[in-house]
Structures are given as C-alpha cells and as structure tokens.
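Okay, work-v5.cif is below, mmCIF, C-alpha atoms:
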```cif
data_entry
#
loop_
_atom_site.label_atom_id
_atom_site.label_comp_id
_atom_site.auth_asym_id
_atom_site.auth_seq_id
_atom_site.Cartn_x
_atom_site.Cartn_y
_atom_site.Cartn_z
CA MET A 1420 0.00 0.00 0.00
CA PRO A 1421 2.68 2.54 0.92
CA GLN A 1422 4.39 1.81 -2.29
CA VAL A 1423 1.19 2.54 -4.14
CA VAL A 1424 0.41 5.70 -2.22
CA ARG A 1425 3.81 7.33 -2.57
CA PRO A 1426 3.75 7.42 -6.35
CA ARG A 1427 0.26 8.96 -6.20
CA ILE A 1428 1.43 11.65 -3.80
CA ARG A 1429 4.40 12.41 -6.01
CA ALA A 1430 2.05 12.66 -8.94
CA LEU A 1431 -0.20 15.12 -7.09
CA ARG A 1432 2.74 17.29 -6.10
CA ALA A 1433 4.49 17.18 -9.47
CA THR A 1434 4.81 20.44 -11.43
CA PRO A 1435 2.32 20.54 -14.34
CA PRO A 1436 3.80 20.78 -17.83
CA VAL A 1437 4.51 24.35 -18.99
CA THR A 1438 3.03 23.82 -22.46
CA PRO A 1439 -0.32 22.07 -22.57
CA LEU A 1440 -0.75 19.36 -25.14
CA PRO A 1441 -3.18 21.35 -27.35
CA GLN A 1442 -0.75 24.28 -27.55
CA ARG A 1443 2.10 21.93 -28.44
CA PHE A 1444 -0.03 20.43 -31.16
CA ARG A 1445 -0.99 23.90 -32.50
CA SER A 1446 2.64 25.04 -32.66
CA LEU A 1447 3.50 21.95 -34.59
CA ALA A 1448 0.58 22.59 -36.94
CA ASP A 1449 1.72 26.19 -37.43
CA ARG A 1450 5.19 25.04 -38.37
CA GLU A 1451 3.79 22.52 -40.77
CA ALA A 1452 1.42 25.14 -42.21
CA VAL A 1453 4.29 27.55 -42.83
CA GLU A 1454 6.20 24.79 -44.62
CA VAL A 1455 3.15 24.09 -46.81
CA LEU A 1456 2.78 27.81 -47.45
CA HIS A 1457 6.40 28.16 -48.49
CA ARG A 1458 6.24 25.19 -50.86
CA SER A 1459 3.12 26.52 -52.57
CA ALA A 1460 4.47 30.09 -52.72
CA ARG A 1461 7.66 28.89 -54.44
CA VAL A 1462 5.54 27.25 -57.12
CA LEU A 1463 3.59 30.50 -57.57
CA LEU A 1464 6.86 32.35 -58.09
CA GLU A 1465 7.77 29.91 -60.83
CA GLU A 1466 4.38 30.42 -62.48
CA LEU A 1467 4.34 34.18 -61.96
CA PRO A 1468 3.91 35.18 -65.66
CA GLU A 1469 0.76 33.04 -65.94
CA LEU A 1470 -0.54 34.38 -62.61
CA THR A 1471 0.15 37.95 -63.77
CA GLU A 1472 -1.71 37.39 -67.04
CA ARG A 1473 -4.75 35.99 -65.22
CA LEU A 1474 -4.84 38.90 -62.80
CA VAL A 1475 -4.63 41.48 -65.60
CA GLU A 1476 -7.54 39.76 -67.32
CA VAL A 1477 -9.57 39.76 -64.11
CA LEU A 1478 -8.83 43.46 -63.58
CA TYR A 1479 -9.98 44.23 -67.08
CA GLU A 1480 -13.22 42.31 -66.61
CA GLN A 1481 -14.09 43.25 -63.02
CA GLU A 1482 -12.58 46.68 -62.36
CA PRO A 1483 -13.77 49.50 -64.71
CA GLY A 1484 -11.27 51.90 -63.18
CA TYR A 1485 -8.43 49.90 -64.72
CA ARG A 1486 -10.06 49.14 -68.07
CA ALA A 1487 -8.94 52.28 -69.90
CA ALA A 1488 -5.38 51.99 -68.55
CA ILE A 1489 -5.14 48.34 -69.62
CA GLU A 1490 -6.46 49.16 -73.09
CA SER A 1491 -3.97 51.99 -73.60
CA THR A 1492 -0.88 50.70 -71.75
CA ARG A 1493 -1.41 46.98 -71.20
CA ALA A 1494 2.32 46.22 -71.20
CA ASP A 1495 2.96 48.78 -68.46
CA ILE A 1496 0.11 47.44 -66.33
CA TRP A 1497 1.37 43.89 -66.84
CA GLN A 1498 4.86 44.84 -65.66
CA GLU A 1499 3.44 46.68 -62.66
CA VAL A 1500 1.28 43.70 -61.63
CA HIS A 1501 4.17 41.27 -62.17
CA HIS A 1502 6.52 43.43 -60.09
CA SER A 1503 3.98 43.68 -57.26
CA LEU A 1504 3.17 39.95 -57.24
CA ARG A 1505 6.86 39.01 -57.27
CA HIS A 1506 7.58 41.06 -54.16
CA ASN A 1507 4.38 40.15 -52.35
CA VAL A 1508 4.61 36.41 -52.94
CA GLY A 1509 8.29 36.59 -52.06
CA SER A 1510 7.30 38.24 -48.78
CA LEU A 1511 5.33 35.13 -47.87
CA ILE A 1512 8.54 33.10 -48.11
CA GLN A 1513 11.12 35.59 -46.82
CA PRO A 1514 9.27 38.40 -44.99
CA ARG A 1515 12.36 40.22 -43.74
CA GLU A 1516 14.12 40.23 -47.11
CA PHE A 1517 11.11 41.28 -49.21
CA ARG A 1518 8.98 43.38 -46.85
CA GLU A 1519 10.56 46.78 -47.53
CA ALA A 1520 10.79 46.19 -51.27
CA ALA A 1521 7.14 45.11 -51.31
CA HIS A 1522 6.15 48.27 -49.42
CA ARG A 1523 8.11 50.44 -51.85
CA THR A 1524 6.34 48.79 -54.78
CA THR A 1525 2.93 49.30 -53.17
CA ARG A 1526 3.68 52.95 -52.39
CA TRP A 1527 4.86 53.48 -55.95
CA ILE A 1528 1.63 51.98 -57.33
CA GLY A 1529 -0.46 54.22 -55.06
CA GLU A 1530 1.39 57.33 -56.22
CA ILE A 1531 1.22 56.38 -59.91
CA ARG A 1532 -2.49 55.61 -59.78
CA ALA A 1533 -3.19 58.90 -57.99
CA GLU A 1534 -1.26 60.77 -60.68
CA GLN A 1535 -3.30 58.97 -63.35
CA GLY A 1536 -6.58 59.78 -61.62
CA VAL A 1537 -7.59 56.15 -61.05
CA PRO A 1538 -10.05 56.13 -58.11
CA LEU A 1539 -8.63 54.87 -54.83
CA ASP A 1540 -11.46 52.35 -54.48
CA ALA A 1541 -10.47 50.84 -57.82
CA VAL A 1542 -6.83 50.49 -56.76
CA LEU A 1543 -7.79 48.90 -53.44
CA HIS A 1544 -10.13 46.54 -55.27
CA ALA A 1545 -7.27 45.58 -57.58
CA PHE A 1546 -5.04 44.77 -54.59
CA ARG A 1547 -7.74 42.66 -52.97
CA LEU A 1548 -8.34 40.82 -56.24
CA GLY A 1549 -4.62 40.10 -56.36
CA GLY A 1550 -4.67 38.90 -52.76
CA ALA A 1551 -7.62 36.62 -53.46
CA MET A 1552 -5.92 35.20 -56.56
CA VAL A 1553 -2.67 34.53 -54.66
CA TRP A 1554 -4.58 32.81 -51.84
CA GLN A 1555 -6.54 30.69 -54.33
CA GLY A 1556 -3.28 29.80 -56.03
CA LEU A 1557 -1.80 28.67 -52.72
CA VAL A 1558 -4.84 26.51 -51.99
CA ASP A 1559 -4.94 25.02 -55.48
CA GLU A 1560 -1.24 24.17 -55.48
CA THR A 1561 -1.46 22.63 -52.01
CA ALA A 1562 -4.49 20.55 -53.05
CA ARG A 1563 -2.66 19.36 -56.15
CA ARG A 1564 0.39 18.20 -54.20
CA ASP A 1565 -1.39 16.77 -51.15
CA PRO A 1566 -5.09 17.48 -50.50
CA GLU A 1567 -4.62 16.63 -46.83
CA ASP A 1568 -2.34 19.64 -46.39
CA VAL A 1569 -5.05 22.13 -47.38
CA ARG A 1570 -6.41 22.05 -43.83
CA LEU A 1571 -3.05 23.31 -42.57
CA LEU A 1572 -3.38 26.54 -44.55
CA VAL A 1573 -6.13 27.59 -42.16
CA HIS A 1574 -3.39 28.33 -39.62
CA VAL A 1575 -1.78 30.94 -41.89
CA ALA A 1576 -4.91 32.35 -43.55
CA ALA A 1577 -5.11 35.24 -41.08
CA ASP A 1578 -1.44 36.07 -41.69
CA VAL A 1579 -1.95 36.16 -45.46
CA TRP A 1580 -4.99 38.43 -45.30
CA ASN A 1581 -3.38 40.65 -42.67
CA PHE A 1582 -0.56 41.03 -45.16
CA VAL A 1583 -3.08 42.12 -47.81
CA ASP A 1584 -4.70 44.59 -45.40
CA GLU A 1585 -1.29 45.96 -44.44
CA HIS A 1586 -0.51 46.71 -48.08
CA CYS A 1587 -3.93 48.25 -48.60
CA GLY A 1588 -3.07 50.63 -45.76
CA VAL A 1589 0.33 51.43 -47.27
CA LEU A 1590 -1.32 52.00 -50.65
CA THR A 1591 -4.02 54.27 -49.20
CA ASP A 1592 -1.46 56.39 -47.37
CA ALA A 1593 0.70 56.78 -50.49
CA TYR A 1594 -2.34 57.57 -52.62
CA ARG A 1595 -3.56 60.27 -50.19
CA GLN A 1596 -0.12 61.86 -49.98
CA ALA A 1597 0.13 61.91 -53.76
CA GLU A 1598 -3.36 63.43 -53.96
CA ARG A 1599 -2.30 66.22 -51.62
CA ARG A 1600 0.80 66.90 -53.72
CA ILE A 1601 -1.30 66.90 -56.90
CA ASP A 1602 -3.86 69.26 -55.35
CA TRP A 1603 -1.09 71.56 -54.16
CA ARG A 1604 0.55 71.62 -57.60
CA ARG A 1605 -2.79 72.24 -59.30
CA GLU A 1606 -3.74 75.02 -56.88
CA ASN A 1607 -0.27 76.55 -57.12
CA ARG A 1608 -0.41 76.43 -60.92
CA GLN A 1609 -3.84 78.07 -60.92
CA ARG A 1610 -2.61 80.69 -58.46
CA LEU A 1611 0.43 81.50 -60.58
CA MET A 1612 -1.67 81.68 -63.74
CA THR A 1613 -4.19 83.96 -62.07
CA ALA A 1614 -1.42 86.19 -60.70
CA ALA A 1615 0.18 86.46 -64.14
CA LEU A 1616 -3.14 87.43 -65.73
CA LEU A 1617 -3.83 90.07 -63.09
CA ASP A 1618 -0.28 91.40 -63.24
CA GLY A 1619 -0.46 91.62 -67.02
CA THR A 1620 2.63 89.42 -67.36
CA ALA A 1621 0.91 86.40 -68.93
CA ARG A 1622 2.23 85.51 -72.38
CA ILE A 1623 -0.22 85.47 -75.27
CA ALA A 1624 0.85 81.91 -76.08
CA ASP A 1625 -0.15 80.82 -72.56
CA LEU A 1626 -3.68 82.23 -72.68
CA PRO A 1627 -5.38 79.12 -74.15
CA ASP A 1628 -3.83 76.94 -71.45
CA ALA A 1629 -4.83 79.45 -68.77
CA ALA A 1630 -8.39 79.54 -70.10
CA THR A 1631 -8.61 75.74 -69.93
CA THR A 1632 -7.01 75.46 -66.50
CA LEU A 1633 -9.03 78.26 -64.92
CA GLY A 1634 -12.29 77.47 -66.71
CA LEU A 1635 -12.60 80.96 -68.20
CA PRO A 1636 -13.27 81.78 -71.88
CA GLU A 1637 -10.25 83.38 -73.51
CA ASP A 1638 -12.35 86.00 -75.32
CA GLY A 1639 -14.90 86.62 -72.56
CA ARG A 1640 -15.85 89.96 -71.06
CA TYR A 1641 -14.50 90.57 -67.57
CA ALA A 1642 -14.26 93.01 -64.73
CA VAL A 1643 -11.99 92.81 -61.72
CA LEU A 1644 -13.04 93.52 -58.15
CA ALA A 1645 -10.50 94.78 -55.63
CA VAL A 1646 -11.50 94.26 -51.99
CA ARG A 1647 -9.90 95.94 -49.01
CA THR A 1648 -10.56 94.19 -45.73
CA ASP A 1649 -8.98 93.81 -42.31
CA ARG A 1650 -8.96 90.02 -42.69
CA ARG A 1651 -5.46 88.72 -43.22
CA ALA A 1652 -6.22 85.04 -43.81
CA PRO A 1653 -6.29 83.95 -47.46
CA HIS A 1654 -9.80 83.67 -48.86
CA ALA A 1655 -9.19 79.99 -49.67
CA ALA A 1656 -9.19 79.15 -45.95
CA THR A 1657 -12.58 80.84 -45.38
CA ALA A 1658 -15.39 82.34 -47.41
CA PRO A 1659 -14.71 85.12 -49.97
CA PRO A 1660 -14.64 88.61 -48.40
CA VAL A 1661 -17.87 89.66 -50.14
CA ALA A 1662 -20.86 87.62 -51.29
CA LEU A 1663 -21.62 88.02 -54.99
CA PRO A 1664 -25.05 87.61 -56.59
CA ASP A 1665 -26.21 84.10 -57.39
CA GLY A 1666 -24.98 82.83 -60.74
CA VAL A 1667 -21.96 85.12 -60.89
CA VAL A 1668 -18.76 83.26 -61.85
CA ALA A 1669 -15.77 84.69 -59.99
CA LEU A 1670 -12.19 83.54 -59.52
CA TRP A 1671 -10.67 84.87 -56.30
CA HIS A 1672 -7.01 85.66 -55.80
CA THR A 1673 -5.26 87.00 -52.69
CA ASP A 1674 -2.69 89.71 -53.26
CA ALA A 1675 -0.36 91.20 -50.67
CA ASP A 1676 -2.98 93.41 -48.99
CA THR A 1677 -5.97 93.10 -51.31
CA GLU A 1678 -8.28 90.34 -52.43
CA LEU A 1679 -9.12 90.32 -56.11
CA ALA A 1680 -11.88 88.64 -58.07
CA ILE A 1681 -12.04 88.06 -61.81
CA VAL A 1682 -15.74 88.27 -62.70
CA ALA A 1683 -17.16 86.92 -65.95
CA LEU A 1684 -19.64 89.61 -66.89
CA GLU A 1685 -21.78 87.36 -69.03
CA SER A 1686 -22.62 85.36 -65.91
CA ALA A 1687 -23.28 88.55 -63.95
CA ALA A 1688 -25.66 89.72 -66.67
CA ALA A 1689 -27.47 86.40 -67.10
CA ASP A 1690 -31.24 86.41 -66.72
CA THR A 1691 -31.89 84.40 -63.56
CA SER A 1692 -35.66 84.44 -64.09
CA GLY A 1693 -35.45 81.64 -66.64
CA GLY A 1694 -36.64 83.81 -69.54
CA CYS A 1695 -34.77 85.30 -72.46
CA ALA A 1696 -33.67 88.76 -71.42
CA GLU A 1697 -32.05 91.27 -73.68
CA LYS A 1698 -28.36 91.65 -72.91
CA PRO A 1699 -27.85 94.84 -70.88
CA GLY A 1700 -25.08 97.34 -71.46
CA THR A 1701 -21.78 97.23 -69.64
CA GLY A 1702 -22.87 99.91 -67.18
CA ASP A 1703 -26.02 97.96 -66.36
CA GLU A 1704 -24.01 94.78 -65.84
CA LEU A 1705 -21.61 96.42 -63.43
CA ALA A 1706 -24.35 98.33 -61.62
CA ARG A 1707 -26.36 95.15 -61.12
CA LEU A 1708 -23.23 93.33 -59.94
CA ALA A 1709 -22.52 96.05 -57.38
CA ALA A 1710 -26.13 96.22 -56.22
CA GLY A 1711 -26.26 92.47 -55.67
CA MET A 1712 -23.17 92.27 -53.48
CA THR A 1713 -23.31 91.67 -49.75
CA VAL A 1714 -20.46 93.72 -48.33
CA PRO A 1715 -19.51 93.51 -44.62
CA ALA A 1716 -19.31 96.77 -42.72
CA GLY A 1717 -15.96 98.49 -43.11
CA THR A 1718 -15.05 96.58 -46.28
CA GLY A 1719 -14.21 98.59 -49.37
CA VAL A 1720 -14.83 97.22 -52.86
CA GLY A 1721 -13.55 98.74 -56.09
CA VAL A 1722 -15.21 97.62 -59.33
CA GLY A 1723 -13.12 98.32 -62.42
CA SER A 1724 -14.38 98.93 -65.92
CA ALA A 1725 -15.20 96.03 -68.22
CA VAL A 1726 -12.50 94.63 -70.51
CA GLU A 1727 -12.46 92.17 -73.40
CA GLY A 1728 -10.50 88.93 -73.08
CA LEU A 1729 -8.07 87.40 -70.59
CA ALA A 1730 -5.21 89.39 -72.08
CA ALA A 1731 -6.76 92.62 -70.74
CA LEU A 1732 -7.09 91.46 -67.13
CA GLY A 1733 -3.93 93.32 -66.14
CA GLU A 1734 -5.59 96.58 -67.17
CA ALA A 1735 -8.83 95.52 -65.45
CA ARG A 1736 -6.91 94.90 -62.24
CA ARG A 1737 -5.32 98.37 -62.45
CA LEU A 1738 -8.75 99.95 -62.94
CA ALA A 1739 -10.16 98.01 -59.97
CA GLY A 1740 -7.27 99.23 -57.82
CA THR A 1741 -8.04 102.80 -58.84
CA ALA A 1742 -11.70 102.31 -57.92
CA LEU A 1743 -10.68 100.88 -54.55
CA ARG A 1744 -8.50 103.92 -53.82
CA ALA A 1745 -11.56 106.06 -54.52
CA CYS A 1746 -13.51 104.10 -51.91
CA PRO A 1747 -14.02 105.91 -48.56
CA ALA A 1748 -12.22 104.63 -45.50
CA SER A 1749 -15.60 103.67 -44.03
CA GLY A 1750 -16.06 101.13 -46.81
CA GLY A 1751 -18.66 100.60 -49.50
CA VAL A 1752 -18.69 99.81 -53.21
CA VAL A 1753 -17.26 102.17 -55.81
CA LEU A 1754 -17.86 101.63 -59.52
CA LEU A 1755 -15.03 103.23 -61.43
CA ASP A 1756 -17.28 104.24 -64.32
CA GLU A 1757 -19.46 106.26 -61.93
CA HIS A 1758 -16.55 107.97 -60.13
CA LEU A 1759 -14.20 108.92 -62.92
CA PRO A 1760 -13.38 112.45 -61.63
CA THR A 1761 -12.48 110.99 -58.24
CA ALA A 1762 -10.49 108.28 -59.98
CA LEU A 1763 -8.45 110.94 -61.74
CA VAL A 1764 -7.47 112.38 -58.38
CA VAL A 1765 -6.40 109.09 -56.77
CA SER A 1766 -4.61 107.99 -59.95
CA SER A 1767 -2.04 110.70 -59.32
CA PRO A 1768 -1.70 111.21 -55.58
CA ALA A 1769 1.01 113.85 -55.92
CA LEU A 1770 -1.11 116.03 -58.20
CA GLY A 1771 -4.20 115.37 -56.06
CA ASN A 1772 -2.43 116.55 -52.91
CA ALA A 1773 -1.05 119.56 -54.76
CA LEU A 1774 -4.56 120.51 -55.85
CA ALA A 1775 -5.93 120.06 -52.32
CA ASP A 1776 -3.15 122.24 -50.89
CA ARG A 1777 -3.79 124.93 -53.49
CA VAL A 1778 -7.57 125.06 -53.05
CA LEU A 1779 -8.03 124.15 -49.39
CA GLY A 1780 -4.65 125.19 -48.02
CA PRO A 1781 -5.84 128.73 -47.10
CA LEU A 1782 -8.32 127.17 -44.66
CA ASP A 1783 -5.47 125.70 -42.64
CA GLY A 1784 -4.74 129.15 -41.27
CA ILE A 1785 -7.99 129.37 -39.31
CA ASP A 1786 -9.11 127.52 -36.20
CA PRO A 1787 -9.31 123.76 -36.98
CA ALA A 1788 -12.88 123.57 -35.69
CA ASP A 1789 -13.96 126.42 -37.97
CA ARG A 1790 -12.12 124.83 -40.90
CA ASP A 1791 -13.91 121.53 -40.33
CA VAL A 1792 -17.29 123.29 -40.22
CA LEU A 1793 -16.59 125.07 -43.51
CA ILE A 1794 -15.48 121.83 -45.23
CA GLU A 1795 -18.48 119.93 -43.85
CA THR A 1796 -20.85 122.66 -45.08
CA LEU A 1797 -19.19 122.82 -48.48
CA THR A 1798 -19.39 119.03 -48.84
CA ALA A 1799 -23.06 118.92 -47.84
CA TRP A 1800 -23.89 121.75 -50.29
CA LEU A 1801 -22.20 119.97 -53.17
CA GLU A 1802 -23.91 116.67 -52.34
CA ALA A 1803 -27.24 118.53 -52.27
CA ASP A 1804 -26.58 119.71 -55.85
CA GLY A 1805 -26.04 123.30 -54.72
CA SER A 1806 -29.22 123.58 -52.64
CA ALA A 1807 -28.64 125.57 -49.46
CA GLN A 1808 -32.05 124.51 -48.21
CA ARG A 1809 -31.32 120.78 -48.40
CA ALA A 1810 -27.78 121.28 -47.11
CA GLY A 1811 -29.15 123.18 -44.11
CA ALA A 1812 -31.62 120.37 -43.40
CA ARG A 1813 -28.80 117.88 -43.43
CA LEU A 1814 -26.63 120.05 -41.15
CA TYR A 1815 -29.53 121.10 -38.88
CA CYS A 1816 -29.02 124.79 -39.57
CA HIS A 1817 -30.76 127.59 -41.51
CA ARG A 1818 -30.11 128.00 -45.25
CA ASN A 1819 -28.71 131.49 -44.57
CA THR A 1820 -26.12 129.93 -42.25
CA VAL A 1821 -25.08 127.66 -45.11
CA LEU A 1822 -24.82 130.62 -47.51
CA ASN A 1823 -22.75 132.63 -45.00
CA ARG A 1824 -20.30 129.74 -44.58
CA LEU A 1825 -19.99 129.32 -48.34
CA ARG A 1826 -19.23 133.02 -48.76
CA ARG A 1827 -16.57 132.78 -46.10
CA PHE A 1828 -15.01 129.83 -47.91
CA GLU A 1829 -14.96 131.84 -51.13
CA GLN A 1830 -13.24 134.70 -49.37
CA LEU A 1831 -10.57 132.45 -47.83
CA SER A 1832 -9.91 130.30 -50.91
CA GLY A 1833 -10.32 132.92 -53.59
CA ARG A 1834 -12.72 130.59 -55.44
CA CYS A 1835 -16.19 131.42 -56.74
CA LEU A 1836 -18.55 128.46 -56.35
CA THR A 1837 -20.81 129.73 -59.14
CA ARG A 1838 -17.92 129.62 -61.62
CA PRO A 1839 -17.86 126.09 -63.19
CA ALA A 1840 -14.05 125.80 -63.35
CA ASP A 1841 -13.72 126.78 -59.69
CA ALA A 1842 -16.48 124.38 -58.67
CA VAL A 1843 -14.67 121.53 -60.43
CA GLU A 1844 -11.43 122.37 -58.65
CA VAL A 1845 -13.19 122.49 -55.28
CA CYS A 1846 -14.86 119.12 -55.86
CA LEU A 1847 -11.59 117.47 -56.82
CA ALA A 1848 -9.71 119.09 -53.97
CA LEU A 1849 -12.27 117.83 -51.44
CA ALA A 1850 -11.99 114.35 -52.91
CA ALA A 1851 -8.19 114.48 -52.69
CA ARG A 1852 -8.29 115.69 -49.07
CA ARG A 1853 -10.80 112.94 -48.15
CA LEU A 1854 -9.13 110.05 -49.97
CA LEU A 1855 -5.46 110.91 -49.90
CA GLY A 1856 -5.33 112.33 -46.40
CA GLY A 1857 -3.61 115.50 -47.61
#
```
Mind turning this structure into structure tokens?
Amino acid sequence: MPQVVRPRIRALRATPPVTPLPQRFRSLADREAVEVLHRSARVLLEELPELTERLVEVLYEQEPGYRAAIESTRADIWQEVHHSLRHNVGSLIQPREFREAAHRTTRWIGEIRAEQGVPLDAVLHAFRLGGAMVWQGLVDETARRDPEDVRLLVHVAADVWNFVDEHCGVLTDAYRQAERRIDWRRENRQRLMTAALLDGTARIADLPDAATTLGLPEDGRYAVLAVRTDRRAPHAATAPPVALPDGVVALWHTDADTELAIVALESAAADTSGGCAEKPGTGDELARLAAGMTVPAGTGVGVGSAVEGLAALGEARRLAGTALRACPASGGVVLLDEHLPTALVVSSPALGNALADRVLGPLDGIDPADRDVLIETLTAWLEADGSAQRAGARLYCHRNTVLNRLRRFEQLSGRCLTRPADAVEVCLALAARRLLGG
C-alpha cells in the first residue's frame, strides 16, 4: 500500500507541464502550415507570368477603373502587376528580405495611380483581387500536391490576409499623400496663372492653357473687383470677403494686402428668371453686380471697368485698384465708371495733394474747428446739388447759415462756387483731401 500511495502523492505534487498538449499540437501545426505555405508560394513564383496574365484579365473584366489603362498601356500594367506579385509572394517566403521592397512597390503603385486619376477604391479593389488570386493559387497548389495539407493553410490564412490589409493601408497612405501633392501643384499652378493674368505678365501663347485650366473663356468679357478688408487670412481658408449675386462666376485671388476677383460679366448679366432677357449694357451689368453684393461693414470694394479677353485682365486689375483707392475709408462699393473724376485724383496722388493744398490750403490758417465746419458745409452743399435749403436740413441749420459759410469759404480760398471751373477744382480738392489724407 505505501508503495502505491507514494507514487500517487508524487504525482499530485508534481509540477504541471509548462506547455499544454493542445498548444504543443498547435505550434506543430503552425510550423507545418508555414512549410506548406512556403512550398506553394515557391511554385507561384515559378508560375508568376501566368498568374500575372490571369490577374490582368480579371482586372480588365471586373474593375472598370483599370479598363482604360489596360487598353492603352497593357504592357505597363502587366509589368506593374508582375513586379507587385513578385515582391508580395516573395514576402510570404522571406518576410524580412522582401517586406521593404514590397512596401516600396505598393507605395509606388499608389502614387502612380493617384497621378493617373484612377479612383482609390479601384486600386484597393485591384489589390484585394490580387490577394484573393494569390490565396486561391496557394490553396490550389497545395491541393494538387497533397489534398490533406489544405487544412493546414487555415493556420496561416489570417497572416496572409493581414498582409493584404497591411498593403492596402500602405497604398491608401501613399495615394492620399500623392493626392495632396497633386492638389497643391494644381492650386499653385492656378494661383500662378491667375497672378500672371492680373499682373499683365501672362504671355499670349499661354492664354489658351490658362483659359482651360481656370475654366474661363479666352475671349470673354470681364471686370476685376478689388476688396480691401482687415482680414489677413487667405480667402481659400474661409469664405470670400464679399458675397456676390447668385450665378456670378468669380475667380478669387489673394494679393499682398488686397483680395481680387475676376468676374465673368456674361454670368453677372445672365437672366436668372429663366426667360430670355435682352443683354444689358456694360454699365447695367456692373451696376447690377454692385447692387447684388453683400459687403460687410468696413469693407471697401472697387469695381473696375469692363475689358475684353483674358489678355486685358492686367488693365482691369489696375482699374479696380483705382476704384478701390476712390472708396471711402468707411467702406462701401465704388464703380469706377461712376466715379471717374475721383479716380483721376487718386490715380495721381502727388497732383491730387497739390490741388488740395492749393484750393483748401488757405483754410489751414484758421481755427481747426472752424475749418472743419466750412469743409463739412461745403461738402453737404455739393452733395445737395447746390441747394442751401437741403444742405441746411442735413446740417440742422438755416439756409442762410449755409450761404454765409460758403461766402466765407470763397473769401478764404479765392474761389467762386458759381464759376464752373472753380467748382470743379473744389470738388476734386475735397476728394483728394478725403481720400489721400492730404
């Protein structure tokens, strides 16, 4: 009895095995599965041209995104597929040796397909089709050699499909990065083209390409808007600085301290009622454009005169800049064609300041408060078309007070407001003092 009991006690106290039997069996199965995988993968490498041809055919039949590329450059697609399969199947046999090369190939394919404009979904579908074909090839080859070994491939199925998913991730990342580079190049090219047109430095030979790239007719009718705003962020990051009427086609461009818009006047003049309207004149087009704008408080907008063709946009930009300089500091919209006298003043600041000094300079010798009252009265009288009554109503004073102030101005300046030439000089001098700060 003791002899029987002692062995049982030793058995109860013995240390259990570290690796349970099922785990030992699974490890053995994994090793056997890897050996089966390697044998089948080596056969696939030997039959790679046939596998490549089958995959290209499947892509042509099942993936429309690849169809045009295969029809036009079948040899290139074949080489690309062959190169990818060679590295990917090789990675199943020697992961460390082939992994980086396989990743480089996948990244290259993602970048190339992005450059060609093949949809990302189509490229991912192509990779998954390739993965499915490789897996089927492994199963078929294993079944041909020894059908009993097919069950062992279950142990490495997850590894194979994880490999496919890994490359889909690498491909997606490369594709997205290439897309961002393409978008940046396209936007930069459009920006440079737009800047050249607005600067007047675009070559005539480049105008057709610019028209195609920017989506603007080469011989269209255009006006340029110049917008002065306190916002410093480029318009591309937010909304445009002013809201244009519905249906107006505009291409925005940020300059150093001004935002510019190329406006296609045909779109601005289009009849939005759905009927056939008679084409309005240029002045009507620009007036309707200005009236339909939504301009934030404090924002100044200069609308230049209309020009013909993309080649004239440099001149249109200069005219818009002149209109913007004629815009009051408080903001608003100024149409150049309706403010030509003022535009003459701001076009030559030196002459404008000289005129202001000559006409208004004598007022600088009196008390500043009195000077401001005289200039305010003179401005109100001119805006009231020479009516002392209406000017007095605006200034909350009697018409005789207005007339007395005007006579005092005439005495100080030596100008006669009833003489047309003097009245013109006074108007321009007031505009120069207001806009140029002289």
task: Place a sphere of radius 10 Å on (-24.8, 93.0, -48.7) in the file coordinates and name every protein, DNA or RNA residue with an atom inside or on its surface, counting all atoms listed in the file; give the answer as a list in words.
output: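 Checked against the point, the hits come out as Val1661, Ala1662, Leu1663, Pro1664, Ala1709, Ala1710, Gly1711, Met1712, Thr1713, Val1714, Pro1715, Ala1716 and Gly1751 of chain A.
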- request: Please indicate the distance in Å from atom CA of A:Arg1824 to atom CA of A:Leu1774, rounded to one decimal place.
  value: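 Distance reported for this atom pair: 21.4 Å.
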One-decimal distance in Å that lies between atom CA of A:Val1508 and atom CA of A:Leu1572: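 For atom CA of A:Leu1572 relative to atom CA of A:Val1508, the distance reads 15.2 Å.
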message: Can you pull out the residues contacting A:Leu1836? Cut-off 10 Å, using all atoms listed in the file, and skip same-chain residues under 5 positions away; I want them as JSON, numbers by chain.
response: {"A": [1797, 1801, 1805, 1825, 1826, 1828, 1829, 1841, 1842, 1843, 1844, 1845]}
message: One number please: atom CA of A:Asp1584 to atom CA of A:Glu1451, in Å, one decimal.
response: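 Taking atom CA of A:Asp1584 as the start and atom CA of A:Glu1451 as the end point, the length is 24.1 Å.
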Residues selected by the PyMOL selection byres ((chain A and resi 1745) around 8), written as a list in words: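 The output of the PyMOL selection byres ((chain A and resi 1745) around 8) on this file is Gly1721, Thr1741, Ala1742, Leu1743, Arg1744, Cys1746, Pro1747, Val1753, His1758, Thr1761, Ala1762, Val1765 and Leu1854 of chain A.
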Complete stretch 1617-1626 of chain A with N, CA, C and O atoms (output as a compact mmCIF listing (two decimals), in the coordinates of the input).
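Result file is result06.txt:
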```txt
# COMPACT_ATOMS: atom_id res chain seq x y z
N LEU A 1617 -3.52 88.81 -63.78
CA LEU A 1617 -3.83 90.07 -63.09
C LEU A 1617 -2.67 91.05 -63.10
O LEU A 1617 -2.88 92.26 -63.04
N ASP A 1618 -1.45 90.53 -63.16
CA ASP A 1618 -0.28 91.40 -63.24
C ASP A 1618 -0.03 91.89 -64.66
O ASP A 1618 0.81 92.77 -64.87
N GLY A 1619 -0.69 91.26 -65.62
CA GLY A 1619 -0.46 91.62 -67.02
C GLY A 1619 0.82 91.04 -67.56
O GLY A 1619 1.33 91.51 -68.59
N THR A 1620 1.36 90.01 -66.91
CA THR A 1620 2.63 89.42 -67.36
C THR A 1620 2.43 88.09 -68.09
O THR A 1620 3.40 87.46 -68.48
N ALA A 1621 1.17 87.66 -68.24
CA ALA A 1621 0.91 86.40 -68.93
C ALA A 1621 1.25 86.52 -70.42
O ALA A 1621 0.94 87.53 -71.06
N ARG A 1622 1.89 85.50 -70.96
CA ARG A 1622 2.23 85.51 -72.38
C ARG A 1622 1.00 85.16 -73.21
O ARG A 1622 0.16 84.37 -72.79
N ILE A 1623 0.91 85.74 -74.39
CA ILE A 1623 -0.22 85.47 -75.27
C ILE A 1623 -0.31 83.98 -75.57
O ILE A 1623 -1.40 83.39 -75.62
N ALA A 1624 0.84 83.34 -75.75
CA ALA A 1624 0.85 81.91 -76.08
C ALA A 1624 0.30 81.06 -74.94
O ALA A 1624 -0.13 79.92 -75.16
N ASP A 1625 0.32 81.59 -73.71
CA ASP A 1625 -0.15 80.82 -72.56
C ASP A 1625 -1.63 81.02 -72.28
O ASP A 1625 -2.19 80.33 -71.41
N LEU A 1626 -2.29 81.93 -72.98
CA LEU A 1626 -3.68 82.23 -72.68
C LEU A 1626 -4.63 81.05 -72.91
O LEU A 1626 -5.52 80.82 -72.08
```
